[in-house]
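Please read the structure below before turning to the comments.
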Amino acid sequence: MDNRTRFHNTMAGRPVDRLPVIEWAGWWDQTIARWREEGLPRELSDAGEIREYLGLDVYRQYWIGPRKPSFPRGGIYEHGPVTDLASYREVKQHLYPEDAFDRQRLEGWAERQARGEMVVWISLDGFFWFPRKLFGIAPHLLAFYDQPELMHTINQDLLAYNQRVLDEVCAICRPDFMTFAEDMSYNKGPMISRALFEEFIAPYYREIIPQVRRYGIIPFIDTDGDITQLVPWFAAVDVHGFLPLERQAGVDIVALRAAHPPIKLIGGYDKMVMNRGEAAIRAEFERLLPLMRQGGYIPSCDHQTPPGVSLAEYRIYVSLLKEYAVRAVAESTVLGGTLS
């Protein structure tokens, strides 16, 4: 079975030969720096190349953001370049690029995707994430109350940009899935209320998700922290996929599946056990195994592998990931086992 068929069958709960063996996130620069000292070839700089070198399935991500290279950098997590409508109009010259992505790169991926060997996914800025990048964290949260018209103006512009980009990408290569970057939850749950979500976020998802669905793309929300409260909010706008499912924030993916059967999940493997030896790494796979047997879930690190994990330890993790990717299917009556 090729990588692309395996991904789609897993997400749909159809029979597979094994689960996908992936690392959805790239690695911290400190992690890569350590691994280079431990034998990772220095000529490998692209996350996709590193995935293949480490024996993971062939997946490629293209994050197509709405900022031009000229966009002001630095300090945006505290105070961004936008403070009011006038400053937003000034900054717009640095936003929404006409040539939003490298078409030649995407064409090359499309060839490998067509052969079934590569799973392609894109990332777009979401309707919480992007205004935060413009305002800065605290000013953004205040803007929901102090500048609601500006918030809607920004997200209307982002919606138009994302819809255009989606059409342009799909004219070359239809991604197998996509993520909306949001990061609207942390270890205590959502950063805004459902009322604010319904007023400022949901209307734009209700516009773009039907377009995503028409192209046959599976949408995921990429948000850190505890997503438990967010799941029904996004289900109401027809988004049922989530990653990275951070264990340290208390995310219980087994409970999420029980409460929301249509949910699709990627991640969930507690990255904090990866440097504690083979027994601890295996125990974490055992915790996830019941969900792995059900389909609609791909185990992967619950965020970027920390630099405390050696290359040798990561290789143990990959070896066990491959073992459990086969074992989950062999023990499942849904994904394989008695159906194969």
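Residues are named by chain letter and number: chains run A, B, ... in the order of the structure tokens, numbers start at 1 in each chain, and ligands are numbered from 1 in the order shown.
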- Message: Can you pull out every residue from segment 14-261 of chain A that DSSP, working from the backbone, puts in strand (DSSP E or B), and format the result as a ChimeraX atom specification?
- Response: /A:59-63,67,95,119-125,177-181,185-186,189-190,218-222,241-243
- Residues at most 9 Å from Gly267 of chain A, counting only C-alpha atoms, excluding those fewer than 5 positions away in the same chain, as a ChimeraX atom specification? /A:23-24,242-246,297-303
Ile32 of chain A: which residues within 10 Å, counting only C-alpha atoms, same-chain residues fewer than 4 positions away excluded, as an mmCIF file with C-alpha atoms, in the first residue's frame?
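Heads up, here's the output in around-v3.cif:
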data_model
loop_
_atom_site.group_PDB
_atom_site.id
_atom_site.type_symbol
_atom_site.label_atom_id
_atom_site.label_comp_id
_atom_site.auth_asym_id
_atom_site.auth_seq_id
_atom_site.Cartn_x
_atom_site.Cartn_y
_atom_site.Cartn_z
ATOM 1 C CA GLY A 26 9.698 19.735 12.109
ATOM 2 C CA TRP A 27 12.352 19.741 14.796
ATOM 3 C CA TRP A 28 13.667 22.484 17.064
ATOM 4 C CA ARG A 36 24.322 16.897 13.751
ATOM 5 C CA GLU A 37 26.957 16.399 16.430
ATOM 6 C CA GLU A 38 25.652 12.843 16.837
ATOM 7 C CA LEU A 40 22.863 13.555 11.323
ATOM 8 C CA ARG A 42 24.924 18.266 7.759
ATOM 9 C CA LEU A 44 20.215 17.599 5.255
ATOM 10 C CA SER A 45 18.485 20.889 6.043
ATOM 11 C CA ALA A 47 12.524 18.751 7.366
ATOM 12 C CA ILE A 50 15.379 14.571 7.473
ATOM 13 C CA THR A 305 10.961 16.741 19.692
ATOM 14 C CA PRO A 306 12.890 18.557 22.461
ATOM 15 C CA PRO A 307 16.670 18.913 22.348
ATOM 16 C CA SER A 310 19.446 12.222 21.505
ATOM 17 C CA LEU A 311 19.537 10.930 17.951
#
- Task: For Gly189 of chain A, please output as number ranges by chain all residues within 9 Å (counting only C-alpha atoms; exclusion window: fewer than 3 positions along the same chain).
- Result: A: 184-186, 192, 225-230, 249
- Message: Could you go through segment 88-240 of chain A and tell me which residues DSSP, when run on the backbone, assigns to alpha helix (DSSP H), listing them as a PyMOL selection string?
- Response: chain A and resi 88-91+103-114+129-135+137-146+148-170+194-196+202-214+230-235
For the residues in the current selection, export C-alpha atoms as a compact mmCIF listing (two decimals), in the first residue's frame.
# COMPACT_ATOMS: atom_id res chain seq x y z
CA TYR A 88 -3.35 48.21 9.42
CA ARG A 89 -3.79 50.06 6.12
CA GLU A 90 -0.12 51.01 6.26
CA VAL A 91 0.97 47.43 6.98
CA ARG A 103 4.86 26.78 -7.92
CA GLN A 104 7.82 24.76 -9.15
CA ARG A 105 8.28 23.15 -5.76
CA LEU A 106 4.59 22.28 -5.59
CA GLU A 107 4.67 20.84 -9.11
CA GLY A 108 7.51 18.53 -8.06
CA TRP A 109 5.54 17.39 -5.03
CA ALA A 110 2.47 16.82 -7.17
CA GLU A 111 4.41 14.32 -9.28
CA ARG A 112 5.40 12.27 -6.26
CA GLN A 113 1.91 12.60 -4.81
CA ALA A 114 0.38 11.29 -8.05
CA TRP A 129 -3.59 33.34 14.85
CA PHE A 130 -3.18 35.96 12.13
CA PRO A 131 -4.67 38.99 13.92
CA ARG A 132 -2.53 38.08 16.93
CA LYS A 133 0.55 38.29 14.73
CA LEU A 134 -0.49 41.77 13.70
CA PHE A 135 -1.49 43.14 17.12
CA ILE A 137 -0.74 38.87 22.20
CA ALA A 138 -2.21 41.26 24.76
CA PRO A 139 -3.37 43.95 22.28
CA HIS A 140 -5.03 41.23 20.22
CA LEU A 141 -7.11 39.98 23.13
CA LEU A 142 -8.17 43.55 23.93
CA ALA A 143 -9.06 44.18 20.29
CA PHE A 144 -11.94 41.70 20.48
CA TYR A 145 -13.63 44.28 22.71
CA ASP A 146 -12.00 47.58 21.74
CA PRO A 148 -14.26 44.70 16.71
CA GLU A 149 -14.65 46.34 13.29
CA LEU A 150 -10.91 46.14 12.68
CA MET A 151 -10.87 42.50 13.75
CA HIS A 152 -13.52 41.72 11.16
CA THR A 153 -11.72 43.75 8.49
CA ILE A 154 -8.52 41.79 9.04
CA ASN A 155 -10.25 38.43 8.94
CA GLN A 156 -12.28 39.35 5.86
CA ASP A 157 -9.01 40.17 4.09
CA LEU A 158 -7.41 36.95 5.36
CA LEU A 159 -10.41 34.94 4.19
CA ALA A 160 -10.15 36.36 0.67
CA TYR A 161 -6.41 35.64 0.60
CA ASN A 162 -6.75 32.08 1.92
CA GLN A 163 -9.52 31.30 -0.56
CA ARG A 164 -7.42 32.59 -3.46
CA VAL A 165 -4.37 30.64 -2.31
CA LEU A 166 -6.42 27.48 -1.93
CA ASP A 167 -7.68 27.73 -5.49
CA GLU A 168 -4.20 28.42 -6.83
CA VAL A 169 -2.63 25.53 -4.92
CA CYS A 170 -5.32 23.08 -5.98
CA ARG A 194 -17.27 30.62 22.76
CA ALA A 195 -19.26 33.83 22.27
CA LEU A 196 -16.16 35.57 20.89
CA ALA A 202 -16.62 30.91 13.18
CA PRO A 203 -18.09 33.02 10.33
CA TYR A 204 -14.85 32.79 8.38
CA TYR A 205 -14.52 29.04 8.83
CA ARG A 206 -18.08 28.67 7.63
CA GLU A 207 -16.99 30.43 4.43
CA ILE A 208 -13.78 28.53 3.72
CA ILE A 209 -14.47 24.99 4.95
CA PRO A 210 -17.00 24.20 2.17
CA GLN A 211 -14.29 25.18 -0.33
CA VAL A 212 -11.77 22.93 1.45
CA ARG A 213 -14.28 20.07 1.36
CA ARG A 214 -15.02 20.54 -2.36
CA LEU A 230 -12.61 23.75 21.45
CA VAL A 231 -13.56 20.47 19.79
CA PRO A 232 -17.34 21.08 19.70
CA TRP A 233 -16.79 24.71 18.67
CA PHE A 234 -14.96 23.60 15.55
CA ALA A 235 -17.25 20.64 14.97
- Hey, what's within 9 Å of segment 313-326 of chain A if we count only C-alpha atoms and toss same-chain stuff fewer than 2 positions away? As an MDAnalysis selection string, please? chainID A and resid 17:22 54:56 274:278 281:282 285:286 289 292 298:300 305 309:311 328:331
Could you save those same residues with C-alpha atoms as a short mmCIF file (atom, residue, chain, number, x, y, z; two decimals), in the first residue's frame?
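Written out: again-v1.cif:
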data_model
loop_
_atom_site.label_atom_id
_atom_site.label_comp_id
_atom_site.auth_asym_id
_atom_site.auth_seq_id
_atom_site.Cartn_x
_atom_site.Cartn_y
_atom_site.Cartn_z
CA ASP A 17 -1.45 -2.67 5.96
CA ARG A 18 -0.08 -0.52 8.79
CA LEU A 19 -0.59 2.95 10.21
CA PRO A 20 1.35 5.86 8.73
CA VAL A 21 4.76 6.40 10.33
CA ILE A 22 5.16 10.15 10.43
CA LEU A 54 15.23 8.79 9.63
CA GLY A 55 13.00 6.21 7.94
CA LEU A 56 9.69 8.02 8.28
CA MET A 274 11.35 10.16 24.66
CA ASN A 275 14.62 10.45 26.60
CA ARG A 276 13.66 8.04 29.41
CA GLY A 277 14.65 4.80 27.74
CA GLU A 278 13.01 2.10 25.65
CA ILE A 281 8.86 4.89 25.13
CA ARG A 282 7.08 1.57 24.74
CA PHE A 285 2.73 3.51 22.80
CA GLU A 286 0.81 1.03 24.92
CA LEU A 289 -2.64 1.54 21.28
CA MET A 292 -4.52 3.41 17.21
CA ILE A 298 -2.07 8.76 13.52
CA PRO A 299 0.36 8.66 16.46
CA SER A 300 3.10 11.25 16.37
CA THR A 305 10.96 16.74 19.69
CA VAL A 309 16.32 13.71 23.10
CA SER A 310 19.45 12.22 21.50
CA LEU A 311 19.54 10.93 17.95
CA ALA A 328 -2.31 -1.75 15.87
CA VAL A 329 -3.59 -2.96 12.52
CA ALA A 330 -2.93 -6.62 13.24
CA GLU A 331 -5.01 -6.35 16.41
#
